[in-house]
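For reference, the structure discussed in these notes is given below.
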Amino acid sequence: MSGGGRTRIQVREMTVDDCEAVARVRVRGWQAAYAGMMPQAYLDAMSVEEDAARRRAHLARGDGAGRNVVAERDGQVIGWGCYGAYREEGRPTADAELYALYVLPEHHGTGAGRALTTELLARATADGYRRVLLWVLTDNTRARRFYEKAGFAPDGAEAPFEVHGVAVPETRYARRLSAADAAATSRG
């Protein structure tokens, strides 16, 4: 684009070559989103290298447990999202779960999170899911507002979550999928 404008956000399937960039997005996303909610020492100790190695191993297994997409602008990965089957007591259910959605902090408010969400909902719809669930830290008001704008709502379920001895409870959100979700894909 000319005139100093930003180029369009592209959303595509994640590849093994994206593992380090995705790890950077996840680590920086956690450090920005959860500051003040989780122990700072835990956030500071997060390692891009270790996270990237786990992602490479997960993709190499190819178990199909999650579908990963990245958002990029000008060839730089700026966001990542993943979904798969929701599990209860270790068994998949008929619902999908948005496992993760992170955008580099300097790209918050640029539409990258919305583009990732749109793509993930479209893929979940195409995969035959009728509903998507997600867990969000109860105190993460920024994320909760984002998900509510995307049509998610708390469904009454809450869960304890602990990080290094600090309670950080989670609230579950749900959203029904529709034919409009399938048509809204950014693919193509």
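The way I read the labels, and the way they are meant: chains A, B, ... in the order of the structure tokens, residue 1 as the first residue of every chain, and ligand 1 as the first ligand shown, with later ones counted on from there.
Using only C-alpha atoms, the residues found no farther than 10 Å from Cys82 in chain A, other than those of its own chain fewer than 6 positions away, are Met14, Ala65, Gly66, Arg67, Asn68, Val69, Val70, Glu97, Leu98, Tyr99, Ala100, Leu101, Tyr102, Leu116, Thr117 and Leu120 of chain A.
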*Shell of 8 Å around Leu121 in chain A, only C-alpha atoms, local chain residues under 3 positions omitted, as a list in words*: Thr117, Thr118, Ala124, Thr125, Val132, Leu177, Asp181 and Ala182 of chain A
*Neighbours of Pro105 in chain A within 8 Å (only C-alpha atoms; same-chain residues fewer than 6 positions away dropped), as a PyMOL selection string?*
chain A and resi 28-29+32
Take the residues just selected and output them with N, CA, C and O atoms as an mmCIF file, in the first residue's frame.
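Contents of out-v4.cif, as written:
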```
data_model
loop_
_atom_site.group_PDB
_atom_site.id
_atom_site.type_symbol
_atom_site.label_atom_id
_atom_site.label_comp_id
_atom_site.auth_asym_id
_atom_site.auth_seq_id
_atom_site.Cartn_x
_atom_site.Cartn_y
_atom_site.Cartn_z
ATOM 1 N N ARG A 28 5.193 -13.589 23.891
ATOM 2 C CA ARG A 28 4.948 -12.154 24.070
ATOM 3 C C ARG A 28 3.486 -11.878 24.371
ATOM 4 O O ARG A 28 3.153 -10.972 25.140
ATOM 5 N N GLY A 29 2.593 -12.684 23.779
ATOM 6 C CA GLY A 29 1.170 -12.541 24.069
ATOM 7 C C GLY A 29 0.860 -12.832 25.524
ATOM 8 O O GLY A 29 0.130 -12.080 26.172
ATOM 9 N N ALA A 32 2.272 -10.025 27.796
ATOM 10 C CA ALA A 32 1.493 -8.784 27.748
ATOM 11 C C ALA A 32 0.099 -8.964 28.347
ATOM 12 O O ALA A 32 -0.350 -8.152 29.153
#
```
*DSSP on the backbone, then: every residue of range 65-159 of chain A marked strand (DSSP E or B), written as a PyMOL selection string.*
chain A and resi 67-73+76-88+91-103+131-137+153-159
Take the selection from the previous step and output its residues with N, CA and C atoms, as a compact mmCIF listing (two decimals), in the first residue's frame.
```
# COMPACT_ATOMS: atom_id res chain seq x y z
N ARG A 67 -6.02 -27.51 14.83
CA ARG A 67 -5.79 -26.83 13.55
C ARG A 67 -5.21 -25.47 13.86
N ASN A 68 -4.03 -25.20 13.33
CA ASN A 68 -3.29 -23.98 13.60
C ASN A 68 -3.27 -23.07 12.39
N VAL A 69 -3.52 -21.79 12.62
CA VAL A 69 -3.41 -20.79 11.56
C VAL A 69 -2.59 -19.62 12.08
N VAL A 70 -1.98 -18.90 11.15
CA VAL A 70 -1.22 -17.70 11.50
C VAL A 70 -1.79 -16.52 10.72
N ALA A 71 -1.63 -15.35 11.31
CA ALA A 71 -1.94 -14.10 10.64
C ALA A 71 -0.61 -13.44 10.33
N GLU A 72 -0.47 -12.97 9.11
CA GLU A 72 0.77 -12.28 8.76
C GLU A 72 0.49 -11.00 8.00
N ARG A 73 1.41 -10.10 8.13
CA ARG A 73 1.36 -8.83 7.42
C ARG A 73 2.77 -8.57 6.91
N GLN A 76 5.44 -11.07 7.83
CA GLN A 76 5.77 -11.27 9.24
C GLN A 76 4.57 -11.88 9.95
N VAL A 77 4.81 -12.97 10.68
CA VAL A 77 3.75 -13.58 11.48
C VAL A 77 3.49 -12.65 12.67
N ILE A 78 2.23 -12.19 12.77
CA ILE A 78 1.86 -11.27 13.85
C ILE A 78 0.81 -11.85 14.79
N GLY A 79 0.27 -13.03 14.43
CA GLY A 79 -0.74 -13.65 15.27
C GLY A 79 -0.85 -15.13 14.99
N TRP A 80 -1.45 -15.83 15.94
CA TRP A 80 -1.61 -17.28 15.84
C TRP A 80 -2.87 -17.70 16.57
N GLY A 81 -3.56 -18.69 16.01
CA GLY A 81 -4.73 -19.26 16.66
C GLY A 81 -4.80 -20.74 16.39
N CYS A 82 -5.47 -21.45 17.29
CA CYS A 82 -5.59 -22.90 17.17
C CYS A 82 -6.92 -23.36 17.76
N TYR A 83 -7.55 -24.34 17.11
CA TYR A 83 -8.77 -24.94 17.66
C TYR A 83 -8.76 -26.43 17.38
N GLY A 84 -9.63 -27.12 18.06
CA GLY A 84 -9.81 -28.55 17.85
C GLY A 84 -11.04 -28.98 18.63
N ALA A 85 -11.15 -30.26 18.85
CA ALA A 85 -12.30 -30.80 19.57
C ALA A 85 -12.24 -30.41 21.05
N TYR A 86 -13.38 -30.03 21.59
CA TYR A 86 -13.48 -29.78 23.03
C TYR A 86 -13.46 -31.14 23.73
N ARG A 87 -12.78 -31.18 24.86
CA ARG A 87 -12.66 -32.44 25.59
C ARG A 87 -13.25 -32.31 26.99
N GLU A 88 -13.96 -33.34 27.38
CA GLU A 88 -14.46 -33.48 28.74
C GLU A 88 -13.98 -34.81 29.25
N ARG A 91 -12.08 -36.96 26.76
CA ARG A 91 -12.72 -37.46 25.54
C ARG A 91 -13.28 -36.30 24.73
N PRO A 92 -13.13 -36.37 23.39
CA PRO A 92 -13.67 -35.30 22.55
C PRO A 92 -15.20 -35.27 22.61
N THR A 93 -15.75 -34.07 22.50
CA THR A 93 -17.20 -33.88 22.47
C THR A 93 -17.60 -33.43 21.06
N ALA A 94 -18.86 -33.11 20.87
CA ALA A 94 -19.35 -32.63 19.58
C ALA A 94 -19.03 -31.16 19.35
N ASP A 95 -18.47 -30.49 20.38
CA ASP A 95 -18.14 -29.07 20.27
C ASP A 95 -16.67 -28.88 19.90
N ALA A 96 -16.37 -27.73 19.34
CA ALA A 96 -14.98 -27.32 19.09
C ALA A 96 -14.54 -26.46 20.27
N GLU A 97 -13.22 -26.33 20.42
CA GLU A 97 -12.67 -25.42 21.42
C GLU A 97 -11.62 -24.55 20.76
N LEU A 98 -11.72 -23.26 21.00
CA LEU A 98 -10.67 -22.34 20.60
C LEU A 98 -9.59 -22.46 21.67
N TYR A 99 -8.51 -23.17 21.33
CA TYR A 99 -7.45 -23.45 22.30
C TYR A 99 -6.59 -22.22 22.58
N ALA A 100 -6.33 -21.44 21.54
CA ALA A 100 -5.41 -20.31 21.69
C ALA A 100 -5.68 -19.27 20.62
N LEU A 101 -5.49 -18.01 21.00
CA LEU A 101 -5.58 -16.90 20.07
C LEU A 101 -4.71 -15.78 20.62
N TYR A 102 -3.61 -15.49 19.94
CA TYR A 102 -2.67 -14.46 20.39
C TYR A 102 -2.21 -13.62 19.22
N VAL A 103 -2.01 -12.35 19.50
CA VAL A 103 -1.49 -11.38 18.53
C VAL A 103 -0.36 -10.62 19.22
N ARG A 131 -20.85 -25.56 17.59
CA ARG A 131 -20.60 -24.64 18.68
C ARG A 131 -19.10 -24.63 18.99
N VAL A 132 -18.60 -23.46 19.39
CA VAL A 132 -17.20 -23.32 19.80
C VAL A 132 -17.18 -22.81 21.24
N LEU A 133 -16.36 -23.46 22.04
CA LEU A 133 -16.16 -23.07 23.43
C LEU A 133 -14.73 -22.55 23.58
N LEU A 134 -14.50 -21.75 24.61
CA LEU A 134 -13.15 -21.31 24.93
C LEU A 134 -13.10 -20.98 26.41
N TRP A 135 -11.88 -21.01 26.96
CA TRP A 135 -11.66 -20.64 28.34
C TRP A 135 -10.82 -19.37 28.35
N VAL A 136 -11.21 -18.42 29.18
CA VAL A 136 -10.49 -17.15 29.30
C VAL A 136 -10.30 -16.85 30.78
N LEU A 137 -9.16 -16.27 31.12
CA LEU A 137 -8.97 -15.89 32.52
C LEU A 137 -10.07 -14.93 32.93
N ALA A 153 -20.30 -15.65 24.52
CA ALA A 153 -20.89 -15.23 25.79
C ALA A 153 -20.55 -16.26 26.86
N PRO A 154 -20.40 -15.81 28.10
CA PRO A 154 -20.15 -16.77 29.19
C PRO A 154 -21.32 -17.75 29.27
N ASP A 155 -21.01 -19.03 29.48
CA ASP A 155 -22.09 -20.02 29.57
C ASP A 155 -22.31 -20.53 30.99
N GLY A 156 -21.67 -19.88 31.97
CA GLY A 156 -21.87 -20.23 33.37
C GLY A 156 -20.82 -21.17 33.93
N ALA A 157 -20.00 -21.79 33.10
CA ALA A 157 -18.97 -22.70 33.61
C ALA A 157 -17.74 -21.91 34.04
N GLU A 158 -17.18 -22.31 35.15
CA GLU A 158 -15.95 -21.70 35.65
C GLU A 158 -15.03 -22.83 36.08
N ALA A 159 -13.72 -22.55 36.05
CA ALA A 159 -12.75 -23.59 36.44
C ALA A 159 -11.60 -22.96 37.18
```
*So, counting only C-alpha atoms, which residue among A:Ala179, A:Val166, A:Pro160, A:Thr7 is closest to Thr110 in chain A?*
A:Thr7
